[in-house]
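Visitor: TSV, C-alpha atoms (C1' of nucleotides), saved as my_file00.tsv, coming up:
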chain	number	residue	atom	x	y	z
A	1	MET	CA	92.90	109.35	125.75
A	2	PRO	CA	92.21	113.04	125.05
A	3	PRO	CA	90.44	113.97	121.81
A	4	ALA	CA	91.94	115.41	118.68
A	5	ILE	CA	95.19	117.05	119.64
A	6	LEU	CA	96.77	116.91	116.25
A	7	SER	CA	95.57	118.89	113.29
A	8	ARG	CA	94.87	117.00	110.09
A	9	THR	CA	97.98	118.57	108.64
A	10	GLU	CA	100.09	117.23	111.47
A	11	VAL	CA	98.51	113.78	111.22
A	12	ILE	CA	99.33	113.66	107.53
A	13	ALA	CA	102.86	114.85	108.23
A	14	ARG	CA	103.36	111.88	110.54
A	15	LEU	CA	101.90	109.48	108.00
A	16	THR	CA	104.36	110.92	105.51
A	17	VAL	CA	107.31	110.02	107.70
A	18	VAL	CA	106.26	106.38	107.87
A	19	LEU	CA	105.33	106.12	104.20
A	20	ARG	CA	108.52	107.56	102.88
A	21	ARG	CA	110.63	105.28	105.04
A	22	GLN	CA	108.65	102.07	104.67
A	23	GLY	CA	106.98	102.54	101.34
A	24	PHE	CA	103.34	101.73	100.71
A	25	ALA	CA	103.59	97.98	101.13
A	26	GLY	CA	105.94	98.19	104.09
A	27	ALA	CA	103.89	100.67	106.10
A	28	SER	CA	101.50	98.79	108.37
A	29	LEU	CA	98.41	100.24	109.99
A	30	ALA	CA	99.97	99.47	113.35
A	31	GLU	CA	102.93	101.71	112.55
A	32	LEU	CA	100.77	104.42	111.07
A	33	SER	CA	98.60	104.27	114.16
A	34	LYS	CA	101.57	104.55	116.48
A	35	ALA	CA	103.14	107.39	114.50
A	36	THR	CA	99.98	109.47	114.60
A	37	GLY	CA	98.84	108.50	118.07
A	38	LEU	CA	95.48	107.61	116.59
A	39	GLY	CA	93.88	104.19	116.96
A	40	LYS	CA	93.22	102.18	113.84
A	41	SER	CA	89.54	102.97	113.97
A	42	SER	CA	90.29	106.68	114.16
A	43	LEU	CA	92.50	106.39	111.13
A	44	TYR	CA	89.69	104.70	109.23
A	45	HIS	CA	87.37	107.45	110.36
A	46	HIS	CA	89.60	110.05	108.70
A	47	PHE	CA	90.70	107.86	105.81
A	48	PRO	CA	87.85	105.45	105.02
A	49	ASP	CA	89.78	103.68	102.31
A	50	GLY	CA	92.71	102.88	104.56
A	51	LYS	CA	96.28	103.16	103.34
A	52	ASP	CA	95.09	104.14	99.91
A	53	ASP	CA	93.35	107.24	101.24
A	54	MET	CA	96.22	108.03	103.56
A	55	THR	CA	98.70	107.88	100.73
A	56	ARG	CA	96.55	110.10	98.57
A	57	ALA	CA	96.26	112.60	101.41
A	58	VAL	CA	100.02	112.48	101.89
A	59	LEU	CA	100.59	113.11	98.19
A	60	ALA	CA	98.12	115.99	98.18
A	61	GLN	CA	99.83	117.61	101.13
A	62	LEU	CA	103.23	117.02	99.59
A	63	ALA	CA	102.01	118.72	96.43
A	64	GLU	CA	100.98	121.74	98.52
A	65	GLN	CA	104.32	121.90	100.27
A	66	LEU	CA	106.22	121.65	97.02
A	67	GLU	CA	104.00	124.33	95.57
A	68	GLU	CA	104.97	126.66	98.38
A	69	ALA	CA	108.60	125.71	98.89
A	70	LEU	CA	109.65	124.98	95.32
A	71	PHE	CA	107.26	125.91	92.56
A	72	ALA	CA	106.18	129.33	93.80
A	73	PRO	CA	109.78	130.55	94.34
A	74	LEU	CA	110.75	129.16	90.95
A	75	LEU	CA	107.94	131.08	89.29
A	76	ALA	CA	108.52	134.27	91.27
A	77	PRO	CA	110.28	137.23	89.66
A	78	GLY	CA	114.03	137.62	90.04
A	79	PRO	CA	117.24	136.44	88.43
A	80	ALA	CA	117.16	132.85	87.18
A	81	ARG	CA	120.23	131.86	89.12
A	82	ARG	CA	118.77	132.98	92.41
A	83	ARG	CA	115.47	131.24	91.76
A	84	LEU	CA	117.24	127.97	91.05
A	85	GLU	CA	119.35	128.35	94.17
A	86	THR	CA	116.23	128.87	96.22
A	87	MET	CA	115.06	125.51	94.91
A	88	THR	CA	118.30	123.69	95.67
A	89	GLY	CA	118.38	125.21	99.15
A	90	ALA	CA	114.85	124.05	99.84
A	91	LEU	CA	115.66	120.57	98.53
A	92	ASP	CA	118.74	120.36	100.70
A	93	ARG	CA	116.68	121.05	103.80
A	94	PHE	CA	113.81	118.85	102.70
A	95	TYR	CA	115.97	115.78	102.12
A	96	ARG	CA	118.29	116.57	105.00
A	97	GLY	CA	121.32	116.82	102.77
A	98	GLY	CA	120.59	113.51	101.04
A	99	ARG	CA	120.09	111.46	104.19
A	100	GLU	CA	116.32	111.33	103.84
A	101	ALA	CA	114.69	109.21	101.15
A	102	CYS	CA	112.29	110.54	98.54
A	103	LEU	CA	108.65	109.58	98.92
A	104	LEU	CA	108.00	110.12	95.23
A	105	ALA	CA	110.83	107.79	94.24
A	106	ASN	CA	109.62	105.24	96.75
A	107	LEU	CA	106.10	105.21	95.36
A	108	VAL	CA	107.21	105.32	91.77
A	109	VAL	CA	109.51	102.32	91.71
A	110	GLY	CA	107.46	99.15	91.67
A	111	GLU	CA	103.79	98.41	91.50
A	112	THR	CA	102.42	101.24	93.62
A	113	ARG	CA	103.18	103.45	90.62
A	114	GLU	CA	99.97	102.37	88.90
A	115	ARG	CA	97.86	103.01	91.95
A	116	PHE	CA	98.90	106.64	92.30
A	117	ARG	CA	99.89	107.30	88.72
A	118	GLU	CA	97.98	110.54	88.22
A	119	GLU	CA	99.03	112.16	91.48
A	120	LEU	CA	102.68	111.25	90.95
A	121	ALA	CA	102.78	112.34	87.33
A	122	ALA	CA	101.10	115.66	88.19
A	123	ILE	CA	103.74	116.50	90.77
A	124	PHE	CA	106.64	115.62	88.48
A	125	GLU	CA	105.13	117.52	85.58
A	126	GLU	CA	104.53	120.64	87.62
A	127	TRP	CA	108.05	120.52	88.94
A	128	ILE	CA	109.52	120.19	85.46
A	129	ALA	CA	107.30	122.99	84.17
A	130	ALA	CA	108.42	125.36	86.93
A	131	ILE	CA	112.11	124.77	86.20
A	132	ALA	CA	111.49	125.09	82.48
A	133	ALA	CA	109.83	128.46	83.10
A	134	VAL	CA	112.97	129.72	84.83
A	135	LEU	CA	115.14	128.57	81.95
A	136	GLY	CA	112.72	130.11	79.48
A	137	ASP	CA	113.04	133.43	81.32
A	138	ALA	CA	116.80	133.00	81.12
A	139	GLY	CA	116.52	133.01	77.37
A	140	PHE	CA	116.70	129.36	76.44
A	141	PRO	CA	114.42	128.17	73.65
A	142	ARG	CA	111.33	126.31	74.78
A	143	ILE	CA	112.44	122.81	73.92
A	144	LEU	CA	115.89	123.13	75.37
A	145	ALA	CA	114.47	124.64	78.55
A	146	ARG	CA	112.12	121.69	78.86
A	147	THR	CA	114.86	119.12	78.27
A	148	ARG	CA	117.15	120.71	80.79
A	149	ALA	CA	114.34	120.94	83.32
A	150	GLU	CA	113.77	117.20	82.99
A	151	ASP	CA	117.49	116.72	83.41
A	152	ALA	CA	117.38	118.69	86.62
A	153	VAL	CA	114.73	116.46	88.15
A	154	VAL	CA	116.56	113.41	86.82
A	155	ARG	CA	119.73	114.47	88.59
A	156	ILE	CA	118.00	115.33	91.85
A	157	GLU	CA	116.15	112.02	92.05
A	158	GLY	CA	119.17	110.06	90.89
A	159	ALA	CA	121.38	111.75	93.44
A	160	LEU	CA	118.97	110.76	96.20
A	161	VAL	CA	119.06	107.15	94.98
A	162	LEU	CA	122.83	107.05	94.76
A	163	ALA	CA	123.32	108.82	98.08
A	164	ALA	CA	121.13	106.18	99.68
A	165	GLY	CA	122.78	103.37	97.75
A	166	THR	CA	126.33	104.28	98.65
A	167	GLY	CA	125.65	105.84	102.04
A	168	ARG	CA	127.48	108.95	100.85
A	169	ALA	CA	125.15	111.90	101.17
A	170	ALA	CA	127.88	114.08	99.66
A	171	VAL	CA	126.77	112.90	96.22
A	172	PHE	CA	123.49	114.70	96.77
A	173	GLU	CA	125.11	117.85	98.11
A	174	ARG	CA	127.46	118.05	95.15
A	175	THR	CA	124.67	117.52	92.67
A	176	LEU	CA	122.67	120.35	94.19
A	177	ARG	CA	125.70	122.61	94.20
A	178	GLN	CA	126.44	122.09	90.51
A	179	LEU	CA	122.87	122.18	89.33
A	180	PRO	CA	122.12	125.92	88.92
A	181	ALA	CA	125.26	126.65	86.90
A	182	ASP	CA	124.84	123.53	84.77
A	183	LEU	CA	121.26	124.39	83.95
A	184	LEU	CA	122.21	127.94	82.93
A	185	ALA	CA	125.35	126.99	81.00
A	186	PRO	CA	125.31	128.30	77.43
A	187	ALA	CA	124.07	125.77	74.89
A	188	LYS	CA	126.83	124.05	72.96
A	189	ALA	CA	126.31	123.03	69.38
A	190	GLY	CA	125.40	119.35	69.19
A	191	ARG	CA	125.34	118.86	72.93
A	192	ASP	CA	121.74	119.50	73.81
B	1	MET	CA	104.45	67.64	90.28
B	2	PRO	CA	107.71	66.86	88.46
B	3	PRO	CA	111.00	67.53	90.24
B	4	ALA	CA	113.48	70.32	89.62
B	5	ILE	CA	112.86	71.60	86.12
B	6	LEU	CA	114.33	75.02	86.65
B	7	SER	CA	117.98	75.70	87.28
B	8	ARG	CA	118.91	77.76	90.29
B	9	THR	CA	119.78	80.59	87.93
B	10	GLU	CA	116.34	80.49	86.38
B	11	VAL	CA	114.64	80.35	89.78
B	12	ILE	CA	116.54	83.42	90.89
B	13	ALA	CA	115.68	85.17	87.63
B	14	ARG	CA	112.01	84.66	88.38
B	15	LEU	CA	112.41	85.87	91.94
B	16	THR	CA	114.08	88.96	90.49
B	17	VAL	CA	111.05	89.79	88.39
B	18	VAL	CA	108.78	89.78	91.42
B	19	LEU	CA	111.20	91.62	93.69
B	20	ARG	CA	111.88	94.43	91.29
B	21	ARG	CA	108.20	94.99	90.64
B	22	GLN	CA	106.89	94.58	94.16
B	23	GLY	CA	109.87	95.52	96.28
B	24	PHE	CA	110.98	93.55	99.29
B	25	ALA	CA	108.00	94.31	101.50
B	26	GLY	CA	105.50	93.96	98.69
B	27	ALA	CA	106.71	90.61	97.45
B	28	SER	CA	104.82	87.84	99.24
B	29	LEU	CA	105.92	84.24	99.52
B	30	ALA	CA	102.77	83.28	97.70
B	31	GLU	CA	103.79	85.36	94.70
B	32	LEU	CA	107.37	84.22	94.81
B	33	SER	CA	106.13	80.67	94.97
B	34	LYS	CA	103.83	81.15	92.03
B	35	ALA	CA	106.48	82.89	89.95
B	36	THR	CA	109.00	80.12	90.44
B	37	GLY	CA	106.58	77.23	90.36
B	38	LEU	CA	108.06	76.06	93.65
B	39	GLY	CA	106.01	75.52	96.80
B	40	LYS	CA	106.82	77.60	99.85
B	41	SER	CA	108.61	74.69	101.47
B	42	SER	CA	110.77	74.22	98.42
B	43	LEU	CA	111.68	77.88	98.48
B	44	TYR	CA	112.70	77.54	102.11
B	45	HIS	CA	114.75	74.50	101.19
B	46	HIS	CA	116.79	76.59	98.77
B	47	PHE	CA	116.66	79.82	100.76
B	48	PRO	CA	116.50	78.88	104.46
B	49	ASP	CA	116.23	82.48	105.61
B	50	GLY	CA	113.22	83.20	103.43
B	51	LYS	CA	112.88	86.48	101.57
B	52	ASP	CA	116.11	87.71	103.05
B	53	ASP	CA	118.07	84.89	101.47
B	54	MET	CA	116.18	85.17	98.22
B	55	THR	CA	116.93	88.86	97.96
B	56	ARG	CA	120.59	88.27	98.68
B	57	ALA	CA	120.69	85.60	95.98
B	58	VAL	CA	118.98	87.96	93.58
B	59	LEU	CA	121.49	90.69	94.34
B	60	ALA	CA	124.39	88.30	93.92
B	61	GLN	CA	123.11	87.16	90.56
B	62	LEU	CA	122.44	90.73	89.52
B	63	ALA	CA	126.02	91.59	90.44
B	64	GLU	CA	127.22	88.77	88.18
B	65	GLN	CA	125.05	89.94	85.30
B	66	LEU	CA	126.21	93.51	85.64
B	67	GLU	CA	129.77	92.30	85.82
B	68	GLU	CA	129.36	90.57	82.50
B	69	ALA	CA	127.09	93.01	80.69
B	70	LEU	CA	128.40	96.33	82.03
B	71	PHE	CA	131.60	96.27	84.02
B	72	ALA	CA	133.63	93.92	81.88
B	73	PRO	CA	132.88	95.81	78.64
B	74	LEU	CA	133.64	99.10	80.39
B	75	LEU	CA	137.02	97.79	81.52
B	76	ALA	CA	137.85	96.15	78.19
B	77	PRO	CA	140.30	97.81	75.81
B	78	GLY	CA	139.00	100.10	73.12
B	79	PRO	CA	138.02	103.72	72.60
B	80	ALA	CA	136.28	105.32	75.59
B	81	ARG	CA	133.31	106.41	73.55
B	82	ARG	CA	132.62	102.91	72.31
B	83	ARG	CA	132.94	101.40	75.77
B	84	LEU	CA	130.44	103.88	77.17
B	85	GLU	CA	128.05	103.20	74.32
B	86	THR	CA	128.26	99.50	75.02
B	87	MET	CA	127.10	100.30	78.53
B	88	THR	CA	124.21	102.50	77.47
B	89	GLY	CA	123.12	99.89	74.93
B	90	ALA	CA	123.13	97.19	77.61
B	91	LEU	CA	121.18	99.43	79.97
B	92	ASP	CA	118.61	100.20	77.33
B	93	ARG	CA	117.94	96.50	76.83
B	94	PHE	CA	118.07	95.71	80.54
B	95	TYR	CA	115.50	98.32	81.50
B	96	ARG	CA	113.45	97.84	78.34
B	97	GLY	CA	113.94	101.43	77.26
B	98	GLY	CA	112.92	102.83	80.64
B	99	ARG	CA	109.73	100.83	81.01
B	100	GLU	CA	111.18	98.42	83.55
B	101	ALA	CA	111.91	99.55	87.11
B	102	CYS	CA	115.31	99.31	88.76
B	103	LEU	CA	115.69	96.70	91.49
B	104	LEU	CA	118.56	98.60	93.06
B	105	ALA	CA	116.54	101.78	93.30
B	106	ASN	CA	113.62	99.84	94.71
B	107	LEU	CA	115.70	98.30	97.47
B	108	VAL	CA	117.58	101.47	98.22
B	109	VAL	CA	114.67	103.80	98.85
B	110	GLY	CA	113.18	103.11	102.23
B	111	GLU	CA	114.08	100.82	105.05
B	112	THR	CA	115.28	97.77	103.14
B	113	ARG	CA	118.39	99.82	102.42
B	114	GLU	CA	119.85	98.96	105.82
B	115	ARG	CA	119.19	95.27	105.41
B	116	PHE	CA	121.17	94.94	102.19
B	117	ARG	CA	123.47	97.91	102.64
B	118	GLU	CA	126.73	96.14	101.85
B	119	GLU	CA	125.49	94.32	98.75
B	120	LEU	CA	123.89	97.46	97.35
B	121	ALA	CA	126.84	99.71	98.07
B	122	ALA	CA	129.25	97.19	96.51
B	123	ILE	CA	127.32	97.13	93.25
B	124	PHE	CA	127.06	100.91	93.01
B	125	GLU	CA	130.73	101.37	93.87
B	126	GLU	CA	131.88	98.86	91.30
B	127	TRP	CA	129.74	100.49	88.67
B	128	ILE	CA	131.10	103.94	89.45
B	129	ALA	CA	134.67	102.61	89.47
B	130	ALA	CA	134.25	101.01	86.05
B	131	ILE	CA	132.97	104.23	84.48
B	132	ALA	CA	135.69	106.23	86.21
B	133	ALA	CA	138.27	103.86	84.71
B	134	VAL	CA	137.01	104.65	81.22
B	135	LEU	CA	137.17	108.37	81.87
B	136	GLY	CA	140.63	107.97	83.35
B	137	ASP	CA	141.73	106.21	80.16
B	138	ALA	CA	140.22	109.10	78.22
B	139	GLY	CA	142.63	111.42	79.97
B	140	PHE	CA	140.54	112.99	82.69
B	141	PRO	CA	142.23	113.53	86.04
B	142	ARG	CA	141.34	111.00	88.74
B	143	ILE	CA	138.99	113.16	90.76
B	144	LEU	CA	137.09	114.55	87.81
B	145	ALA	CA	136.73	111.07	86.34
B	146	ARG	CA	135.28	109.86	89.62
B	147	THR	CA	132.87	112.78	89.92
B	148	ARG	CA	131.63	112.35	86.38
B	149	ALA	CA	131.24	108.61	86.90
B	150	GLU	CA	129.01	109.28	89.89
B	151	ASP	CA	127.08	111.73	87.77
B	152	ALA	CA	126.55	109.06	85.16
B	153	VAL	CA	124.98	106.66	87.64
B	154	VAL	CA	122.99	109.53	89.12
B	155	ARG	CA	121.53	110.35	85.74
B	156	ILE	CA	120.75	106.74	84.86
B	157	GLU	CA	118.95	106.05	88.12
B	158	GLY	CA	117.22	109.41	88.07
B	159	ALA	CA	116.05	108.89	84.52
B	160	LEU	CA	114.51	105.55	85.51
B	161	VAL	CA	112.68	107.24	88.38
B	162	LEU	CA	111.41	110.08	86.24
B	163	ALA	CA	110.46	107.80	83.37
B	164	ALA	CA	108.38	105.76	85.81
B	165	GLY	CA	106.99	108.86	87.49
B	166	THR	CA	105.83	110.55	84.33
B	167	GLY	CA	105.12	107.44	82.29
B	168	ARG	CA	107.36	108.84	79.58
B	169	ALA	CA	110.08	106.32	78.89
B	170	ALA	CA	111.57	108.76	76.38
B	171	VAL	CA	113.25	110.55	79.28
B	172	PHE	CA	115.35	107.46	79.85
B	173	GLU	CA	116.17	107.00	76.19
B	174	ARG	CA	117.29	110.59	75.84
B	175	THR	CA	119.42	110.41	78.95
B	176	LEU	CA	121.20	107.33	77.65
B	177	ARG	CA	121.72	108.95	74.28
B	178	GLN	CA	123.34	112.07	75.70
B	179	LEU	CA	125.41	110.32	78.33
B	180	PRO	CA	128.56	109.22	76.44
B	181	ALA	CA	129.19	112.63	74.88
B	182	ASP	CA	128.44	114.47	78.13
B	183	LEU	CA	130.84	112.30	80.08
B	184	LEU	CA	133.61	112.84	77.55
B	185	ALA	CA	133.03	116.58	77.07
B	186	PRO	CA	136.15	118.64	77.73
B	187	ALA	CA	136.34	120.03	81.24
B	188	LYS	CA	135.37	123.67	81.52
B	189	ALA	CA	137.03	125.91	84.09
B	190	GLY	CA	134.84	126.23	87.17
B	191	ARG	CA	132.23	123.79	85.96
B	192	ASP	CA	133.43	120.51	87.39
C	1	DG	C1'	86.07	111.56	116.91
C	2	DT	C1'	88.12	108.25	119.64
C	3	DC	C1'	88.36	103.92	121.91
C	4	DT	C1'	88.22	98.50	122.87
C	5	DA	C1'	87.20	94.36	120.96
C	6	DT	C1'	86.88	91.33	117.33
C	7	DA	C1'	86.57	89.49	113.10
C	8	DA	C1'	88.60	87.72	108.74
C	9	DT	C1'	92.44	87.11	106.05
C	10	DA	C1'	97.03	87.02	104.48
C	11	DG	C1'	101.67	86.53	105.72
C	12	DG	C1'	105.93	84.07	107.06
C	13	DA	C1'	107.57	79.89	108.54
C	14	DT	C1'	107.85	74.75	109.84
C	15	DA	C1'	106.79	69.50	110.18
C	16	DG	C1'	106.77	65.45	108.15
C	17	DA	C1'	105.41	62.35	104.29
C	18	DC	C1'	107.10	60.95	99.87
D	1	DG	C1'	113.87	68.32	96.51
D	2	DT	C1'	109.17	68.73	96.49
D	3	DC	C1'	104.62	68.45	98.33
D	4	DT	C1'	100.44	68.93	101.70
D	5	DA	C1'	99.07	70.36	105.87
D	6	DT	C1'	99.47	73.22	109.61
D	7	DC	C1'	100.89	76.91	112.85
D	8	DC	C1'	101.23	81.37	114.56
D	9	DT	C1'	101.50	86.02	114.05
D	10	DA	C1'	100.62	90.30	111.77
D	11	DT	C1'	97.54	92.73	108.99
D	12	DT	C1'	93.57	94.92	107.26
D	13	DA	C1'	89.19	96.14	108.38
D	14	DT	C1'	84.76	96.61	111.00
D	15	DA	C1'	81.31	96.85	115.02
D	16	DG	C1'	79.68	99.21	118.61
D	17	DA	C1'	80.32	101.68	123.10
D	18	DC	C1'	81.43	106.25	124.80
Please express the file's structure as structure tokens.

Guide:
Amino acid sequence: MPPAILSRTEVIARLTVVLRRQGFAGASLAELSKATGLGKSSLYHHFPDGKDDMTRAVLAQLAEQLEEALFAPLLAPGPARRRLETMTGALDRFYRGGREACLLANLVVGETRERFREELAAIFEEWIAAIAAVLGDAGFPRILARTRAEDAVVRIEGALVLAAGTGRAAVFERTLRQLPADLLAPAKAGRD
Amino acid sequence: MPPAILSRTEVIARLTVVLRRQGFAGASLAELSKATGLGKSSLYHHFPDGKDDMTRAVLAQLAEQLEEALFAPLLAPGPARRRLETMTGALDRFYRGGREACLLANLVVGETRERFREELAAIFEEWIAAIAAVLGDAGFPRILARTRAEDAVVRIEGALVLAAGTGRAAVFERTLRQLPADLLAPAKAGRD
DNA sequence: GTCTATAATAGGATAGAC
DNA sequence: GTCTATCCTATTATAGAC
């Protein structure tokens, strides 16, 4: 077997695929080994603490990707509507129109939550903060912007769950389509 | 050891607790045995196909509970607003204000989805249909009622994910609080 | 940094007594 | 209908050669 063909980034990308499909408990070292082309011992060389380390590496890399594909565009200058649409476009590609599951949701439901609590919370919080910044720029008061930003993430994650649950990816597509306008809709008395 | 103390219903309730915390892959026979007080062999006596059978039994019982606690009240006569609030009240208790994970979401993210596809889809579809019926009674056109009903489930499931992800159960509480009014808000041109 | 080999354990599942 | 005992496989993890 030839030495190190894959970059660390690519290895982690392949671990991600397995983890987001099988979850932490369902992903076996055998599968992770096969997916990366690395023997178990090689995996332990790179990730001494086993699946725990791998998952942390996967979450760190995911955080970087989200930073680049979602958070940075959200925080960039430009009209609020366009910034939000950049986000929904990126999400659509990332989750393959609702056909791909969400790693965050997978790790967050159930007991693995505790194990990776900080990493997971940090990602969600940064995401919410970035959306809230857009809505703040759009003129919404701080608290309303924050609430609506949480709502946005709620709807995205929920749409992924329901799309998976019903087998109808269209639910996700529709949610993404409606999101920018809904987030920017004028506040109604008593509604928010 | 004394014979059969627990009813089948109670046994399944205890299996539910483990399954919704650990997920299908994470729930071991040892844990399921401990939680029910039944030895592995006894579990296999009641559920010959092992975890698969147990999960199906859990889903069937969950469907019954939802039927009674959610769907029936939604389909009962009365003002739409009150029927929706009965649902959100039941959900609040069921998920302990957002502190308890959702079994459906747990089974739906990742590979177990395929294994229990029909059972999961049936529950989600019935739930959506029941909410859509309320909105239909409230005067919304068929398609809009259906879309908003999907949105409702999207927001509930998403709020559970985000509450778990951030550790802030308040996200779930707020989502439930806003839901009835949002669902019944007059349609705005171009928004739905 | 990767491999083969191997340990040690946990997991799912069954047999057979009571 | 439950238990104890057992089986076999998969799983995590490590040792040591290259």

Visitor: Each residue of chain C lying at most 8 Å from chain A should get a row with its shortest atom-to-atom pair and the distance in Å to one decimal, counting all atoms listed in the file; could you produce that, ordered by chain and increasing number, as JSON lines?

Guide:
{"residue": "C:DG1", "atom": "C1'", "partner": "A:Pro3", "partner_atom": "CA", "distance": 7.0}
{"residue": "C:DT2", "atom": "C1'", "partner": "A:Ser42", "partner_atom": "CA", "distance": 6.1}
{"residue": "C:DC3", "atom": "C1'", "partner": "A:Gly39", "partner_atom": "CA", "distance": 7.4}

Visitor: What gap, in Å, lies between atom CA of Ala101 of chain A and atom CA of Val18 of chain A?

Guide: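 Distance reported for this atom pair: 11.1 Å.
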
Visitor: Write out as a PyMOL selection string each polymer residue whose atoms come within 12 Å of segment 7-13 of chain D, counting all atoms listed in the file; drop sequence neighbours fewer than 5 positions from it.

Guide: (chain A and resi 25-31+40-41+43-45+48-52) or (chain C and resi 6-15)

Visitor: Atom CA of Ser7 of chain A and atom C1' of DG16 of chain D, how far apart in Å?

Guide: 25.8 Å

Visitor: Write out as a tab-separated table the residues of chain D that have any atom within 9 Å of an atom of chain B, one row each with the nearest atom pair and its distance in Å to one decimal, counting all atoms listed in the file, sorted by chain and then rising number.

Guide:
residue	atom	partner	partner_atom	distance
D:DG1	C1'	B:Ser42	CA	6.9
D:DT2	C1'	B:Ser42	CA	6.0
D:DC3	C1'	B:Gly39	CA	7.4

Visitor: Those residues with C-alpha atoms (C1' of nucleotides), as a PDB file, in the coordinates of the input please?

Guide:
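Output (out-v3.pdb):
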ATOM      1  C1'  DG D   1     113.870  68.320  96.510  1.00  0.00           C
ATOM      2  C1'  DT D   2     109.170  68.730  96.490  1.00  0.00           C
ATOM      3  C1'  DC D   3     104.620  68.450  98.330  1.00  0.00           C
TER       4       DC D   3
END

Visitor: Using only C-alpha atoms (C1' of nucleotides), which protein or nucleic acid residues come within 10 Å of Ala145 of chain A? Drop anything in the same chain fewer than 3 positions from it, and give the result as a list in words.

Guide: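 The filter keeps Ile128, Ala129, Ile131, Ala132, Ala133, Val134, Leu135, Gly136, Asp137, Ala138, Gly139, Phe140, Pro141, Arg142, Arg148, Ala149, Glu150, Asp151, Leu183 and Leu184 of chain A.
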
Visitor: Using only C-alpha atoms and a distance of at most 6 Å, pull out the residues of chain B that contact chain A, as a PyMOL selection string.

Guide: chain B and resi 21-22+25-26+101+106+108-111+121+154-155+157-159+165-166

Visitor: Hey, can you check how far atom CA of Pro77 of chain B sits from atom CA of Leu176 of chain B?

Guide: 21.4 Å

Visitor: Got a sec: who's within 9 Å of segment 62-72 of chain B, counting only C-alpha atoms (C1' of nucleotides), leaving out chain neighbours fewer than 3 positions off, as a PyMOL selection string?

Guide: chain B and resi 13+16+57-59+75-76+86-88+90-91+119+122-123+126-127+129-131
